[in-house]
Amino acid sequence: MTPPVTTVSPTAQQPATELPADVAALLATARAQVLVEGRGLDEAQVLAVLELPDEAVPQLLALAHEVRTRWCGPEVEVEGIVSLKTGGCPEDCHFCSQSGKFDSPVRSAWLDVPSLVEAARATAATGATEFCIVAAVRGPDARLMAQVREGVAAIRAAVEINVACSLGMLTQEQVDELVAMGVHRYNHNLETARSHFANVVTTHSWEERLDTCQLVRAAGMELCCGAILGVGETLAQRAELAAQLAALEPDEVPLNFLNPRPGTPFGDLPVVGAKDALRAIAAYRLAMPRTILRYAGGREITLGDLTEDGMLGGINAVIVGNYLTTLGQSPTVDLAMLDRLSMPIRSLQATL
């Protein structure tokens, strides 16, 4: 078992605050249950963590970091993503500027196979081990599957990197075809809690998303299934989603934070507060101690200069570079952060 690394959060370096007895008891229970026994927190416990006062955040982050290093090790998985088909999506996910139903500035466009290969090369050059091909669709049609097939083959011939896909909802036949292509991992987020989903998406159901996730798991591909926080959900619904994700047992959970997009129904929602985001990161780590927990979209606008606190509060994977329709920071900034925190990048061989 990998021993915990010695690096601690800048927040956790502050002198420990004497916490109220009930708060101290909650953290002690979490330590015994998750750090020692390896059992994730249940929904009620996650909610209690999300409701912790600000003064408890440093100790919460320190515990989540211990859990991450004990059950996942010190390494960080680095991934790049590229959009094969952007915009014009028929779905109405209220946070997404790629929906064709909203008056957003994003317009439909396709990326050719040589450009996919070049993007994969650039991603591998950063030290990343994972490259994800994304398409803004309800699910792949024959044209898209043909282009994905050609793209995956070209990337695998040219670049030493794992290839993942995110192509919307799948049939069993499409799942089997992706497996045959050698796709390493499939991303299909639950997005939000089942009880809140109809307030976020109306053109398909939470159950339809779950069905695709279960098909992927049953086929033997790794499952990447995550969340977007800040889409009008309550803290109780954040805890509900954590429990629903834990029950699905995904290999990876990307945590997105809403970056409100002009022209979308959620364009005027407030950004998640930094302390709330840190509580959520730690809570999801304590709910899923062995899962890859990845920084995804919105972290820059949500956390700002507290990004390192999240890395030292349970995160063990990052998307580097730009996101699908929003800009991220330069990969060199993230790589410098990992070096500064003495967090090694996971090798390609370890993920094959």
# chains A, B, ... in the order shown; residues from 1 in each chain; ligands from 1
$ closest_atom_pairs --of "segment 130-159 of chain A" --to "segment 301-324 of chain A" --cutoff "12 Å" --atoms "only C-alpha atoms" --output "Markdown table"
| residue | atom | partner | partner_atom | distance |
| --- | --- | --- | --- | --- |
| A:Glu130 | CA | A:Ile319 | CA | 9.3 |
| A:Phe131 | CA | A:Ile319 | CA | 9.6 |
| A:Cys132 | CA | A:Ile319 | CA | 9.9 |
| A:Ile133 | CA | A:Leu324 | CA | 10.3 |
| A:Val134 | CA | A:Leu324 | CA | 8.2 |
| A:Ala135 | CA | A:Leu324 | CA | 9.4 |
| A:Ala136 | CA | A:Leu324 | CA | 9.4 |
$ residues_around --residues "Thr129 of chain A" --least-positions-apart "2" --cutoff "12 Å" --atoms "only C-alpha atoms" --output "VMD selection string"
chain A and resid 76 to 81 120 to 127 131 to 132 159 to 164 184 to 185 317 to 320 345 to 352
$ residues_around --residues "segment 256-261 of chain A" --least-positions-apart "4" --cutoff "6 Å" --atoms "only C-alpha atoms" --output "PyMOL selection string"
chain A and resi 227-230+267+296-298
$ write_last_selection --atoms "all heavy atoms" --output "short mmCIF file (atom, residue, chain, number, x, y, z; two decimals), in the first residue's frame"
data_model
loop_
_atom_site.label_atom_id
_atom_site.label_comp_id
_atom_site.auth_asym_id
_atom_site.auth_seq_id
_atom_site.Cartn_x
_atom_site.Cartn_y
_atom_site.Cartn_z
N ALA A 227 -20.08 14.73 -12.51
CA ALA A 227 -21.08 15.67 -12.04
C ALA A 227 -20.75 17.07 -12.54
O ALA A 227 -19.60 17.39 -12.84
CB ALA A 227 -21.10 15.68 -10.52
N ILE A 228 -21.78 17.90 -12.60
CA ILE A 228 -21.59 19.34 -12.73
C ILE A 228 -22.30 19.98 -11.56
O ILE A 228 -23.51 19.80 -11.38
CB ILE A 228 -22.06 19.88 -14.10
CG1 ILE A 228 -21.84 21.39 -14.15
CG2 ILE A 228 -23.49 19.50 -14.41
CD1 ILE A 228 -21.96 21.98 -15.55
N LEU A 229 -21.55 20.69 -10.75
CA LEU A 229 -22.10 21.31 -9.55
C LEU A 229 -22.37 22.79 -9.80
O LEU A 229 -21.68 23.44 -10.58
CB LEU A 229 -21.11 21.16 -8.38
CG LEU A 229 -20.68 19.73 -8.05
CD1 LEU A 229 -19.78 19.72 -6.82
CD2 LEU A 229 -21.88 18.81 -7.84
N GLY A 230 -23.43 23.29 -9.15
CA GLY A 230 -23.80 24.68 -9.32
C GLY A 230 -24.91 24.90 -10.32
O GLY A 230 -25.09 26.02 -10.83
N GLY A 267 -27.31 30.69 -17.74
CA GLY A 267 -26.31 31.71 -17.98
C GLY A 267 -26.18 32.74 -16.88
O GLY A 267 -25.13 33.41 -16.77
N ALA A 296 -12.25 19.04 -13.58
CA ALA A 296 -12.74 19.23 -14.94
C ALA A 296 -13.15 20.69 -15.13
O ALA A 296 -12.57 21.59 -14.53
CB ALA A 296 -13.87 18.25 -15.23
N GLY A 297 -14.17 20.94 -15.95
CA GLY A 297 -14.51 22.29 -16.33
C GLY A 297 -14.92 23.18 -15.17
O GLY A 297 -15.56 22.74 -14.22
N GLY A 298 -14.57 24.46 -15.27
CA GLY A 298 -15.01 25.46 -14.31
C GLY A 298 -14.14 25.63 -13.09
O GLY A 298 -14.38 26.53 -12.28
#
$ atom_distance --atom1 "atom CA of Leu60 of chain A" --atom2 "atom CA of Ile281 of chain A"
10.1 Å
$ closest_residue --among "A:Ala157, A:Val183, A:Val137, A:Glu173" --to "Cys96 of chain A" --atoms "only C-alpha atoms"
A:Val137
$ closest_atom_pairs --of "segment 223-325 of chain A" --to "segment 190-197 of chain A" --cutoff "10 Å" --atoms "only C-alpha atoms" --output "tab-separated table"
residue	atom	partner	partner_atom	distance
A:Cys224	CA	A:Leu190	CA	10.0
A:Cys225	CA	A:Leu190	CA	6.3
A:Gly226	CA	A:Leu190	CA	6.0
A:Ala227	CA	A:Glu191	CA	4.2
A:Ile228	CA	A:Glu191	CA	5.2
A:Leu229	CA	A:Thr192	CA	7.4
A:Gly230	CA	A:Thr192	CA	9.5
A:Val231	CA	A:Thr192	CA	8.0
A:Gly232	CA	A:His196	CA	8.4
A:Glu233	CA	A:His196	CA	6.6
A:Thr234	CA	A:His196	CA	8.8
A:Ala236	CA	A:Ala193	CA	9.3
A:Gln237	CA	A:Ala193	CA	5.6
A:Arg238	CA	A:Ala193	CA	6.7
A:Ala239	CA	A:Ala193	CA	8.4
A:Glu240	CA	A:Ala193	CA	5.9
A:Leu241	CA	A:Ala193	CA	4.4
A:Ala242	CA	A:Ala193	CA	8.2
A:Ala243	CA	A:Ala193	CA	9.2
A:Gln244	CA	A:Ala193	CA	7.5
A:Leu245	CA	A:Leu190	CA	7.8
A:Val253	CA	A:Leu190	CA	10.0
A:Pro254	CA	A:Glu191	CA	9.9
A:Leu255	CA	A:Glu191	CA	9.3
A:Asn256	CA	A:Glu191	CA	8.8
$ write_last_selection --atoms "N, CA and C atoms" --output "short mmCIF file (atom, residue, chain, number, x, y, z; two decimals), in the first residue's frame"
data_model
loop_
_atom_site.label_atom_id
_atom_site.label_comp_id
_atom_site.auth_asym_id
_atom_site.auth_seq_id
_atom_site.Cartn_x
_atom_site.Cartn_y
_atom_site.Cartn_z
N CYS A 224 -16.11 6.48 -16.97
CA CYS A 224 -15.90 7.83 -16.44
C CYS A 224 -17.28 8.46 -16.31
N CYS A 225 -17.69 8.78 -15.11
CA CYS A 225 -19.05 9.27 -14.89
C CYS A 225 -19.03 10.32 -13.79
N GLY A 226 -19.40 11.54 -14.12
CA GLY A 226 -19.22 12.60 -13.15
C GLY A 226 -20.41 13.51 -12.97
N ALA A 227 -20.08 14.73 -12.51
CA ALA A 227 -21.08 15.67 -12.04
C ALA A 227 -20.75 17.07 -12.54
N ILE A 228 -21.78 17.90 -12.60
CA ILE A 228 -21.59 19.34 -12.73
C ILE A 228 -22.30 19.98 -11.56
N LEU A 229 -21.55 20.69 -10.75
CA LEU A 229 -22.10 21.31 -9.55
C LEU A 229 -22.37 22.79 -9.80
N GLY A 230 -23.43 23.29 -9.15
CA GLY A 230 -23.80 24.68 -9.32
C GLY A 230 -24.91 24.90 -10.32
N VAL A 231 -25.69 23.84 -10.62
CA VAL A 231 -26.77 23.96 -11.60
C VAL A 231 -28.13 24.06 -10.89
N GLY A 232 -28.12 24.70 -9.72
CA GLY A 232 -29.36 24.93 -8.99
C GLY A 232 -29.71 23.86 -7.98
N GLU A 233 -28.82 22.89 -7.81
CA GLU A 233 -29.08 21.80 -6.86
C GLU A 233 -28.88 22.26 -5.41
N THR A 234 -29.53 21.58 -4.48
CA THR A 234 -29.32 21.82 -3.06
C THR A 234 -28.13 21.00 -2.58
N ALA A 236 -28.35 18.85 -0.28
CA ALA A 236 -28.88 17.48 -0.15
C ALA A 236 -28.80 16.76 -1.49
N GLN A 237 -29.03 17.47 -2.59
CA GLN A 237 -28.95 16.84 -3.91
C GLN A 237 -27.51 16.58 -4.33
N ARG A 238 -26.57 17.39 -3.86
CA ARG A 238 -25.15 17.07 -4.09
C ARG A 238 -24.78 15.77 -3.37
N ALA A 239 -25.31 15.62 -2.17
CA ALA A 239 -25.05 14.38 -1.42
C ALA A 239 -25.74 13.20 -2.09
N GLU A 240 -26.95 13.42 -2.59
CA GLU A 240 -27.67 12.36 -3.31
C GLU A 240 -26.87 11.89 -4.52
N LEU A 241 -26.33 12.83 -5.29
CA LEU A 241 -25.55 12.47 -6.46
C LEU A 241 -24.28 11.71 -6.08
N ALA A 242 -23.63 12.13 -5.00
CA ALA A 242 -22.43 11.41 -4.56
C ALA A 242 -22.75 9.95 -4.29
N ALA A 243 -23.89 9.70 -3.63
CA ALA A 243 -24.29 8.33 -3.33
C ALA A 243 -24.65 7.56 -4.60
N GLN A 244 -25.30 8.24 -5.55
CA GLN A 244 -25.66 7.58 -6.81
C GLN A 244 -24.43 7.23 -7.63
N LEU A 245 -23.44 8.11 -7.63
CA LEU A 245 -22.19 7.81 -8.32
C LEU A 245 -21.45 6.67 -7.64
N VAL A 253 -14.41 9.89 -11.71
CA VAL A 253 -15.48 10.87 -11.54
C VAL A 253 -14.91 12.27 -11.81
N PRO A 254 -15.23 12.86 -12.97
CA PRO A 254 -14.84 14.25 -13.21
C PRO A 254 -15.80 15.20 -12.48
N LEU A 255 -15.23 16.15 -11.77
CA LEU A 255 -16.04 17.16 -11.10
C LEU A 255 -15.97 18.46 -11.89
N ASN A 256 -17.10 18.83 -12.47
CA ASN A 256 -17.24 20.10 -13.17
C ASN A 256 -17.96 21.10 -12.27
#
$ select_by_dssp --residues "segment 32-278 of chain A" --states "helix (DSSP H, G or I)" --output "VMD selection string"
chain A and resid 32 to 36 43 to 50 54 to 72 113 to 125 142 to 158 172 to 181 197 to 199 206 to 219 235 to 248 274 to 278
$ closest_residue --among "A:Met288, A:Leu19, A:Cys213, A:Ala25" --to "Val67 of chain A" --atoms "only C-alpha atoms"
A:Met288
$ closest_residue --among "A:Val82, A:Ala246, A:Val148, A:Leu278" --to "Pro53 of chain A" --atoms "only C-alpha atoms"
A:Leu278
$ residues_around --residues "Pro140 of chain A" --least-positions-apart "4" --cutoff "9 Å" --atoms "only C-alpha atoms" --output "MDAnalysis selection string"
chainID A and resid 135 144:145 167:170 174
$ atom_distance --atom1 "atom CA of Cys93 of chain A" --atom2 "atom CA of Ile292 of chain A"
24.9 Å
$ atom_distance --atom1 "atom CA of Leu293 of chain A" --atom2 "atom CA of Thr203 of chain A"
28.1 Å
$ select_by_dssp --residues "segment 225-313 of chain A" --states "strand (DSSP E or B)" --output "compact mmCIF listing (two decimals) with N, CA, C and O atoms, in the first residue's frame"
# COMPACT_ATOMS: atom_id res chain seq x y z
N ALA A 227 -20.08 14.73 -12.51
CA ALA A 227 -21.08 15.67 -12.04
C ALA A 227 -20.75 17.07 -12.54
O ALA A 227 -19.60 17.39 -12.84
N ILE A 228 -21.78 17.90 -12.60
CA ILE A 228 -21.59 19.34 -12.73
C ILE A 228 -22.30 19.98 -11.56
O ILE A 228 -23.51 19.80 -11.38
N LEU A 229 -21.55 20.69 -10.75
CA LEU A 229 -22.10 21.31 -9.55
C LEU A 229 -22.37 22.79 -9.80
O LEU A 229 -21.68 23.44 -10.58
N GLU A 252 -13.65 6.58 -12.79
CA GLU A 252 -13.28 7.99 -12.70
C GLU A 252 -14.53 8.84 -12.53
O GLU A 252 -15.57 8.57 -13.13
N VAL A 253 -14.41 9.89 -11.71
CA VAL A 253 -15.48 10.87 -11.54
C VAL A 253 -14.91 12.27 -11.81
O VAL A 253 -14.14 12.80 -11.01
N PRO A 254 -15.23 12.86 -12.97
CA PRO A 254 -14.84 14.25 -13.21
C PRO A 254 -15.80 15.20 -12.48
O PRO A 254 -17.02 15.04 -12.57
N LEU A 255 -15.23 16.15 -11.77
CA LEU A 255 -16.04 17.16 -11.10
C LEU A 255 -15.97 18.46 -11.89
O LEU A 255 -14.92 19.08 -12.01
N ASN A 256 -17.10 18.83 -12.47
CA ASN A 256 -17.24 20.10 -13.17
C ASN A 256 -17.96 21.10 -12.27
O ASN A 256 -18.85 20.71 -11.49
N PHE A 257 -17.61 22.36 -12.40
CA PHE A 257 -18.30 23.43 -11.70
C PHE A 257 -18.86 24.37 -12.76
O PHE A 257 -18.16 24.73 -13.72
N ILE A 292 -10.75 7.55 -9.23
CA ILE A 292 -10.05 8.71 -9.79
C ILE A 292 -11.01 9.90 -9.74
O ILE A 292 -12.11 9.84 -10.28
N LEU A 293 -10.61 10.96 -9.05
CA LEU A 293 -11.44 12.16 -8.92
C LEU A 293 -10.74 13.28 -9.68
O LEU A 293 -9.66 13.73 -9.29
N ARG A 294 -11.37 13.71 -10.77
CA ARG A 294 -10.68 14.59 -11.73
C ARG A 294 -11.21 16.02 -11.70
O ARG A 294 -12.42 16.25 -11.75
N TYR A 295 -10.28 16.97 -11.63
CA TYR A 295 -10.62 18.35 -11.90
C TYR A 295 -11.06 18.47 -13.35
O TYR A 295 -10.35 18.07 -14.28
$ residues_around --residues "Gly220 of chain A" --least-positions-apart "5" --cutoff "12 Å" --atoms "only C-alpha atoms" --output "PyMOL selection string"
chain A and resi 175-176+178-180+182-186+213-215+250-251
$ closest_residue --among "A:Arg70, A:Arg31, A:His94, A:Arg138" --to "Pro262 of chain A" --atoms "only C-alpha atoms"
A:His94
$ closest_residue --among "A:Ser83, A:Arg149, A:Met181, A:Asn199" --to "Gln98 of chain A" --atoms "only C-alpha atoms"
A:Ser83
$ closest_residue --among "A:Ala30, A:Leu41, A:Val200, A:Val216" --to "Glu66 of chain A" --atoms "only C-alpha atoms"
A:Ala30
$ decode --residues "segment 39-73 of chain A" --atoms "C-alpha atoms" --output "short mmCIF file (atom, residue, chain, number, x, y, z; two decimals), in the first residue's frame"
data_model
loop_
_atom_site.label_atom_id
_atom_site.label_comp_id
_atom_site.auth_asym_id
_atom_site.auth_seq_id
_atom_site.Cartn_x
_atom_site.Cartn_y
_atom_site.Cartn_z
CA ARG A 39 -15.57 2.36 3.40
CA GLY A 40 -16.98 5.45 1.71
CA LEU A 41 -19.37 7.81 3.44
CA ASP A 42 -23.08 7.28 2.81
CA GLU A 43 -25.50 9.94 1.60
CA ALA A 44 -26.37 11.31 5.05
CA GLN A 45 -22.70 11.47 6.02
CA VAL A 46 -21.79 13.26 2.79
CA LEU A 47 -24.50 15.84 3.46
CA ALA A 48 -23.07 16.40 6.95
CA VAL A 49 -19.65 17.01 5.39
CA LEU A 50 -21.10 19.46 2.86
CA GLU A 51 -22.66 21.37 5.77
CA LEU A 52 -19.43 21.66 7.79
CA PRO A 53 -18.50 25.20 8.88
CA ASP A 54 -15.66 27.05 7.14
CA GLU A 55 -13.34 26.62 10.11
CA ALA A 56 -13.47 22.83 9.63
CA VAL A 57 -12.42 22.96 5.96
CA PRO A 58 -8.63 22.76 6.56
CA GLN A 59 -8.96 19.57 8.63
CA LEU A 60 -11.50 18.15 6.17
CA LEU A 61 -9.13 18.71 3.24
CA ALA A 62 -6.22 17.18 5.13
CA LEU A 63 -8.28 14.06 5.84
CA ALA A 64 -9.42 13.79 2.21
CA HIS A 65 -5.81 14.07 1.07
CA GLU A 66 -4.78 11.26 3.41
CA VAL A 67 -7.61 9.12 2.06
CA ARG A 68 -6.59 9.82 -1.53
CA THR A 69 -2.93 8.96 -0.97
CA ARG A 70 -3.71 5.84 1.06
CA TRP A 71 -6.23 4.28 -1.30
CA CYS A 72 -5.12 5.73 -4.68
CA GLY A 73 -1.44 6.53 -4.17
#
